[in-house]
file upload.tsv (TSV, C-alpha atoms and all ligand atoms)
chain	number	residue	atom	x	y	z
E	6	MET	CA	-18.72	-9.54	7.94
E	7	ASN	CA	-17.01	-8.45	11.12
E	8	PHE	CA	-13.93	-6.27	10.98
E	9	LYS	CA	-12.55	-7.47	14.31
E	10	THR	CA	-9.83	-10.10	14.15
E	11	ASN	CA	-10.54	-11.79	17.51
E	12	LYS	CA	-6.83	-12.48	17.43
E	13	LYS	CA	-5.32	-11.41	20.70
E	14	LEU	CA	-2.29	-9.18	20.59
E	15	ASP	CA	0.82	-10.58	22.21
E	16	MET	CA	1.25	-7.56	24.50
E	17	ASP	CA	4.48	-8.96	25.97
E	18	ARG	CA	6.09	-8.64	22.56
E	19	LEU	CA	4.11	-6.00	20.69
E	20	ASP	CA	3.88	-2.53	22.19
E	21	PRO	CA	0.67	-0.93	20.88
E	22	THR	CA	1.97	2.54	21.82
E	23	ASN	CA	4.97	2.27	19.50
E	24	VAL	CA	3.54	1.22	16.16
E	25	PRO	CA	4.66	2.57	12.77
E	26	LYS	CA	2.47	5.39	11.50
E	27	HIS	CA	2.57	4.28	7.89
E	28	VAL	CA	3.29	0.78	6.60
E	29	ALA	CA	3.95	0.28	2.88
E	30	ILE	CA	3.51	-3.26	1.61
E	31	ILE	CA	4.68	-5.05	-1.54
E	32	MET	CA	2.24	-7.93	-1.84
E	33	ASP	CA	4.27	-10.55	-3.67
E	34	GLY	CA	3.95	-14.28	-4.30
E	35	ASN	CA	0.33	-14.75	-5.36
E	36	GLY	CA	1.36	-16.62	-8.51
E	37	ARG	CA	3.75	-18.94	-6.65
E	38	TRP	CA	1.14	-19.64	-4.00
E	39	ALA	CA	-1.27	-20.77	-6.71
E	40	LYS	CA	1.38	-22.77	-8.60
E	41	LYS	CA	2.31	-24.69	-5.45
E	42	ARG	CA	-1.30	-25.85	-5.28
E	43	GLY	CA	-1.69	-26.60	-8.98
E	44	LEU	CA	-4.10	-23.65	-9.32
E	45	PRO	CA	-4.20	-20.87	-11.93
E	46	ARG	CA	-2.48	-17.60	-11.02
E	47	PHE	CA	-5.90	-15.95	-10.69
E	48	ALA	CA	-6.59	-18.10	-7.66
E	49	GLY	CA	-3.53	-16.63	-5.97
E	50	HIS	CA	-4.67	-13.07	-6.58
E	51	LYS	CA	-8.11	-13.91	-5.23
E	52	GLU	CA	-6.63	-15.43	-2.10
E	53	GLY	CA	-4.36	-12.39	-1.82
E	54	MET	CA	-7.43	-10.22	-1.47
E	55	LYS	CA	-8.34	-12.05	1.73
E	56	THR	CA	-4.93	-11.16	3.11
E	57	ILE	CA	-5.65	-7.50	2.42
E	58	LYS	CA	-8.72	-7.76	4.61
E	59	LYS	CA	-6.70	-9.34	7.45
E	60	VAL	CA	-4.01	-6.68	7.27
E	61	VAL	CA	-6.56	-3.85	7.21
E	62	GLU	CA	-8.31	-5.31	10.26
E	63	ARG	CA	-5.07	-5.44	12.19
E	64	ALA	CA	-4.04	-1.98	11.05
E	65	VAL	CA	-7.37	-0.63	12.34
E	66	GLU	CA	-6.95	-2.43	15.67
E	67	LEU	CA	-3.42	-1.06	16.05
E	68	ASN	CA	-4.51	2.47	15.17
E	69	LEU	CA	-2.07	2.86	12.31
E	70	GLU	CA	-2.42	6.09	10.34
E	71	ALA	CA	-1.95	4.55	6.91
E	72	ILE	CA	-1.12	1.48	4.90
E	73	THR	CA	-0.14	1.68	1.26
E	74	LEU	CA	-0.54	-1.50	-0.78
E	75	TYR	CA	1.28	-2.03	-4.07
E	76	ALA	CA	-1.62	-3.49	-6.03
E	77	PHE	CA	-0.47	-2.82	-9.59
E	78	SER	CA	2.76	-1.31	-10.86
E	79	THR	CA	3.29	0.49	-14.16
E	80	GLU	CA	5.42	-2.55	-15.12
E	81	ASN	CA	2.57	-5.03	-14.44
E	82	TRP	CA	0.97	-4.16	-17.82
E	83	LYS	CA	3.53	-6.55	-19.33
E	84	ARG	CA	1.59	-9.51	-17.89
E	85	PRO	CA	-0.81	-11.50	-20.09
E	86	PRO	CA	-3.93	-9.41	-20.86
E	87	LYS	CA	-6.23	-11.90	-19.15
E	88	GLU	CA	-4.29	-11.66	-15.89
E	89	VAL	CA	-4.20	-7.85	-16.11
E	90	GLU	CA	-7.95	-7.78	-16.62
E	91	PHE	CA	-8.45	-10.07	-13.63
E	92	ILE	CA	-6.28	-7.95	-11.34
E	93	MET	CA	-8.05	-4.79	-12.52
E	94	LYS	CA	-11.36	-6.28	-11.39
E	95	LEU	CA	-10.09	-6.97	-7.88
E	96	PRO	CA	-10.46	-3.42	-6.52
E	97	SER	CA	-14.17	-3.46	-7.35
E	98	GLN	CA	-14.59	-6.96	-5.88
E	99	PHE	CA	-12.77	-5.94	-2.71
E	100	LEU	CA	-14.55	-2.63	-2.33
E	101	ASP	CA	-18.01	-4.01	-3.21
E	102	THR	CA	-17.56	-6.64	-0.50
E	103	TYR	CA	-15.92	-4.62	2.23
E	104	LEU	CA	-16.95	-0.98	1.77
E	105	PRO	CA	-19.62	-1.15	4.52
E	106	GLU	CA	-17.06	-2.50	7.01
E	107	LEU	CA	-14.48	0.05	5.90
E	108	ILE	CA	-17.01	2.83	6.51
E	109	GLU	CA	-18.03	1.35	9.85
E	110	ASN	CA	-14.39	1.31	10.89
E	111	ASN	CA	-13.78	4.92	9.86
E	112	VAL	CA	-11.30	3.86	7.12
E	113	ARG	CA	-10.55	6.32	4.32
E	114	VAL	CA	-9.79	4.81	0.92
E	115	THR	CA	-7.29	6.65	-1.29
E	116	THR	CA	-5.16	5.80	-4.32
E	117	ILE	CA	-1.85	6.82	-5.80
E	118	GLY	CA	-0.67	6.21	-9.35
E	119	HIS	CA	-1.63	7.07	-12.90
E	120	TYR	CA	-5.34	7.02	-12.41
E	121	ASP	CA	-6.18	7.93	-16.01
E	122	GLY	CA	-4.53	4.77	-17.32
E	123	LEU	CA	-6.92	2.49	-15.42
E	124	PRO	CA	-9.92	0.81	-17.07
E	125	GLU	CA	-13.27	2.57	-16.56
E	126	PHE	CA	-14.66	-0.20	-14.33
E	127	THR	CA	-11.67	0.04	-11.98
E	128	LYS	CA	-11.84	3.83	-11.84
E	129	LYS	CA	-15.56	3.72	-11.09
E	130	ALA	CA	-15.21	1.36	-8.13
E	131	VAL	CA	-12.26	3.22	-6.68
E	132	GLN	CA	-13.77	6.65	-7.19
E	133	TYR	CA	-17.00	5.63	-5.46
E	134	SER	CA	-15.14	4.32	-2.38
E	135	VAL	CA	-12.82	7.32	-2.25
E	136	GLU	CA	-15.83	9.63	-2.35
E	137	ARG	CA	-17.87	7.65	0.20
E	138	THR	CA	-15.01	7.53	2.71
E	139	LYS	CA	-13.44	10.95	2.16
E	140	ASN	CA	-14.56	12.35	5.52
E	141	ASN	CA	-13.42	9.36	7.54
E	142	THR	CA	-10.65	10.10	9.99
E	143	GLY	CA	-9.24	6.66	10.83
E	144	LEU	CA	-6.85	4.45	8.90
E	145	VAL	CA	-5.97	5.58	5.38
E	146	LEU	CA	-6.12	2.55	3.09
E	147	ASN	CA	-4.07	3.68	0.15
E	148	PHE	CA	-3.92	1.54	-3.01
E	149	ALA	CA	-0.98	2.06	-5.36
E	150	LEU	CA	-2.61	1.35	-8.71
E	151	ASN	CA	-0.77	1.79	-11.99
E	152	TYR	CA	1.96	3.23	-9.79
E	153	GLY	CA	5.65	3.76	-10.52
E	154	SER	CA	7.88	5.83	-8.29
E	155	ARG	CA	10.21	7.19	-10.95
E	156	SER	CA	7.31	8.37	-13.05
E	157	GLU	CA	5.80	10.00	-9.92
E	158	ILE	CA	9.07	11.88	-9.43
E	159	VAL	CA	9.18	12.89	-13.12
E	160	ASP	CA	5.63	14.25	-12.82
E	161	ALA	CA	6.61	16.23	-9.72
E	162	VAL	CA	9.69	17.70	-11.43
E	163	LYS	CA	7.62	18.71	-14.46
E	164	GLN	CA	5.04	20.46	-12.27
E	165	ILE	CA	7.73	22.24	-10.29
E	166	CYS	CA	9.40	23.43	-13.54
E	167	GLU	CA	6.07	24.62	-14.87
E	168	ASN	CA	5.39	26.59	-11.68
E	169	VAL	CA	8.84	28.18	-11.82
E	170	LYS	CA	8.28	29.06	-15.49
E	171	GLN	CA	4.93	30.65	-14.68
E	172	ASP	CA	6.54	32.59	-11.81
E	173	HIS	CA	4.38	30.85	-9.19
E	174	LEU	CA	7.51	29.48	-7.57
E	175	ASN	CA	11.07	30.65	-7.12
E	176	SER	CA	13.75	28.00	-7.67
E	177	ASP	CA	15.32	29.03	-4.31
E	178	GLU	CA	12.20	27.67	-2.64
E	179	ILE	CA	12.81	24.12	-3.91
E	180	ASN	CA	13.73	21.91	-0.97
E	181	GLU	CA	12.97	18.39	0.26
E	182	GLU	CA	9.68	19.38	1.83
E	183	LEU	CA	8.50	21.06	-1.35
E	184	ILE	CA	9.36	18.00	-3.44
E	185	SER	CA	7.45	15.77	-0.98
E	186	ASN	CA	4.48	18.06	-1.40
E	187	TYR	CA	4.45	17.49	-5.15
E	188	LEU	CA	4.28	13.69	-4.79
E	189	TYR	CA	1.03	11.70	-4.80
E	190	THR	CA	1.63	10.89	-1.13
E	191	ASN	CA	1.65	14.52	0.01
E	192	GLN	CA	-1.18	13.90	2.49
E	193	LEU	CA	0.61	11.01	4.21
E	194	PRO	CA	3.56	10.67	6.56
E	195	ASP	CA	6.53	8.87	4.97
E	196	PRO	CA	6.35	5.08	5.52
E	197	ASP	CA	8.20	3.94	8.65
E	198	LEU	CA	8.08	0.30	7.64
E	199	VAL	CA	8.16	-1.46	4.27
E	200	ILE	CA	7.09	-5.10	4.13
E	201	ARG	CA	7.74	-7.35	1.12
E	202	THR	CA	6.51	-10.93	1.05
E	203	SER	CA	7.70	-13.97	-0.93
E	204	GLY	CA	11.43	-13.78	-0.21
E	205	GLU	CA	12.21	-11.12	-2.83
E	206	GLN	CA	14.36	-8.30	-1.52
E	207	ARG	CA	13.97	-5.32	-3.80
E	208	LEU	CA	11.90	-2.16	-4.02
E	209	SER	CA	10.55	-2.54	-7.57
E	210	ASN	CA	10.11	1.18	-8.18
E	211	TYR	CA	7.99	1.65	-5.04
E	212	LEU	CA	7.93	4.93	-3.08
E	213	LEU	CA	11.64	5.53	-3.69
E	214	TRP	CA	11.70	9.08	-2.31
E	215	GLN	CA	9.34	8.38	0.59
E	216	VAL	CA	11.14	5.36	2.08
E	217	ALA	CA	14.46	7.15	2.60
E	218	TYR	CA	14.40	6.39	6.36
E	219	ALA	CA	12.03	3.42	6.47
E	220	GLU	CA	12.84	0.07	8.04
E	221	PHE	CA	12.64	-2.90	5.65
E	222	TYR	CA	11.11	-6.22	6.57
E	223	PHE	CA	11.32	-9.18	4.20
E	224	THR	CA	9.54	-12.45	4.80
E	225	ASP	CA	9.55	-15.72	2.86
E	226	LYS	CA	5.80	-16.05	3.36
E	227	LEU	CA	3.85	-15.70	0.12
E	228	TRP	CA	1.25	-12.92	0.21
E	229	PRO	CA	-1.78	-15.26	0.49
E	230	GLU	CA	-0.11	-16.89	3.52
E	231	PHE	CA	0.53	-13.60	5.27
E	232	ASN	CA	-1.93	-13.09	8.15
E	233	HIS	CA	-2.54	-11.21	11.42
E	234	ASP	CA	0.27	-13.02	13.19
E	235	ALA	CA	2.68	-12.38	10.33
E	236	PHE	CA	1.76	-8.68	10.37
E	237	ASP	CA	2.31	-8.58	14.15
E	238	GLU	CA	5.75	-10.19	13.66
E	239	ALA	CA	6.73	-7.47	11.19
E	240	ILE	CA	5.67	-4.79	13.67
E	241	ILE	CA	7.52	-6.47	16.54
E	242	GLU	CA	10.65	-6.59	14.37
E	243	PHE	CA	10.16	-2.87	13.59
E	244	GLN	CA	9.93	-2.14	17.31
E	245	ASN	CA	13.20	-3.97	17.92
E	246	ARG	CA	15.09	-1.90	15.37
E	247	LYS	CA	16.91	1.19	16.52
E	248	ARG	CA	15.97	4.04	14.22
E	249	ARG	CA	18.67	6.66	14.01
E	250	PHE	CA	17.69	8.78	11.00
E	251	GLY	CA	21.37	9.26	10.24
E	252	GLY	CA	22.25	10.34	13.80
E	253	LEU	CA	23.99	8.34	16.51
E	301	LIG	C1	2.21	-10.08	-6.90
E	301	LIG	O1	2.19	-11.47	-6.98
E	301	LIG	C2	0.86	-9.57	-6.88
E	301	LIG	C3	0.33	-8.69	-7.78
E	301	LIG	C4	1.07	-8.11	-8.92
E	301	LIG	C5	-1.05	-8.27	-7.69
E	301	LIG	C6	-1.45	-7.98	-6.30
E	301	LIG	C7	-2.86	-7.72	-6.24
E	301	LIG	C8	-3.65	-8.16	-5.25
E	301	LIG	C9	-3.23	-8.96	-4.10
E	301	LIG	C10	-5.06	-7.79	-5.25
E	301	LIG	C11	-5.29	-6.32	-5.41
E	301	LIG	C12	-6.55	-6.03	-4.82
E	301	LIG	C13	-7.04	-4.82	-4.57
E	301	LIG	C14	-8.18	-4.72	-3.68
E	301	LIG	C15	-6.48	-3.59	-5.14
E	301	LIG	P1	2.75	-12.14	-8.28
E	301	LIG	O2	1.62	-12.36	-9.22
E	301	LIG	O3	3.86	-11.30	-8.84
E	301	LIG	O4	3.26	-13.48	-7.71
E	301	LIG	P2	4.53	-14.32	-8.20
E	301	LIG	O5	5.73	-13.43	-8.02
E	301	LIG	O6	4.54	-15.48	-7.29
E	301	LIG	O7	4.27	-14.68	-9.64
call {"tool": "encode", "arguments": {"input": "upload.tsv", "output": "structure tokens"}}
result
Amino acid sequence: MNFKTNKKLDMDRLDPTNVPKHVAIIMDGNGRWAKKRGLPRFAGHKEGMKTIKKVVERAVELNLEAITLYAFSTENWKRPPKEVEFIMKLPSQFLDTYLPELIENNVRVTTIGHYDGLPEFTKKAVQYSVERTKNNTGLVLNFALNYGSRSEIVDAVKQICENVKQDHLNSDEINEELISNYLYTNQLPDPDLVIRTSGEQRLSNYLLWQVAYAEFYFTDKLWPEFNHDAFDEAIIEFQNRKRRFGGL
């Protein structure tokens, strides 16, 4: 499997020197994609995995620092057990298939979320890839698995309180930077761009603290339909926005 897209960049429209550092993606619409074709929801998730490969390829080509993919939220446990089990097997399917290419392309795999709540087989696959790629210095491919932003913030607050209680930290030292450092994403820059597919326009408890200054891009495309060109379009739109960070 080759990790090159062979899809030429439209250099007149996309400036490769002005790409977002970190793109956070809400991959939505797998179920609707399958329904439209009279297929079971599983088929949509499987097809969605192919989109992940396309997006990773493009992110590597564009030299992005990181992409974070919302693969499973803490709320997704409410889905039928069979669907949950299927989704939980996808990380191992994806990583078993693509780990050699990820390594070859200097990609580092990481995860955020409540790791302990994942099934053993999911943890095993993820842990292996995280370990095998930990010294890679290229794109960070970060999977949000069993992730919820509010619970991440609660965990951070608890740890901060504990450190104050134990006298490891003075409450005067608590500032925005310190809070960022207590989040799962402390090794990553904040996302500059958030993409959500399938026409939904909400954040669904995703990276609430980290996206304070991000640009948002919503597309009607369902996740399995999203491809290199669609990713390029999102980046072009990002480049056309004027980011002011609260200034003029
Ligand atoms: C949203 O579509 C999709 C999900 C909840 C699961 C996303 C997971 C993947 C694409 C695969 C994960 C793979 C790896 C490698 C971690 P939906 O089911 O909510 O679609 P709908 O809104 O149309 O029903």
call {"tool": "closest_residue", "arguments": {"input": "upload.tsv", "among": "E:Pro96, E:Gly251, E:Pro85, E:Gly204", "to": "ligand LIG 301 (chain E)", "atoms": "all atoms listed in the file"}}
result
E:Pro96
call {"tool": "closest_residue", "arguments": {"input": "upload.tsv", "among": "E:Asp197, E:Glu230, E:Glu109, E:Asp237", "to": "ligand LIG 301 (chain E)", "atoms": "only C-alpha atoms and all ligand atoms"}}
result
E:Glu230
call {"tool": "residues_near_ligand", "arguments": {"input": "upload.tsv", "ligand": "ligand LIG 301 (chain E)", "cutoff": "6 Å", "atoms": "all atoms listed in the file", "output": "short mmCIF file (atom, residue, chain, number, x, y, z; two decimals) with C-alpha atoms, in the frame of the given file"}}
result
data_model
loop_
_atom_site.label_atom_id
_atom_site.label_comp_id
_atom_site.auth_asym_id
_atom_site.auth_seq_id
_atom_site.Cartn_x
_atom_site.Cartn_y
_atom_site.Cartn_z
CA MET E 32 2.24 -7.93 -1.84
CA ASP E 33 4.27 -10.55 -3.67
CA GLY E 34 3.95 -14.28 -4.30
CA ASN E 35 0.33 -14.75 -5.36
CA GLY E 36 1.36 -16.62 -8.51
CA ARG E 37 3.75 -18.94 -6.65
CA HIS E 50 -4.67 -13.07 -6.58
CA GLY E 53 -4.36 -12.39 -1.82
CA MET E 54 -7.43 -10.22 -1.47
CA ALA E 76 -1.62 -3.49 -6.03
CA PHE E 77 -0.47 -2.82 -9.59
CA LEU E 95 -10.09 -6.97 -7.88
CA PRO E 96 -10.46 -3.42 -6.52
CA PHE E 99 -12.77 -5.94 -2.71
#
call {"tool": "atom_distance", "arguments": {"input": "upload.tsv", "atom1": "CA of Ile108 (chain E)", "atom2": "CA of Trp228 (chain E)"}}
result
24.9 Å
call {"tool": "atom_distance", "arguments": {"input": "upload.tsv", "atom1": "CA of Thr79 (chain E)", "atom2": "CA of Tyr187 (chain E)"}}
result
19.3 Å
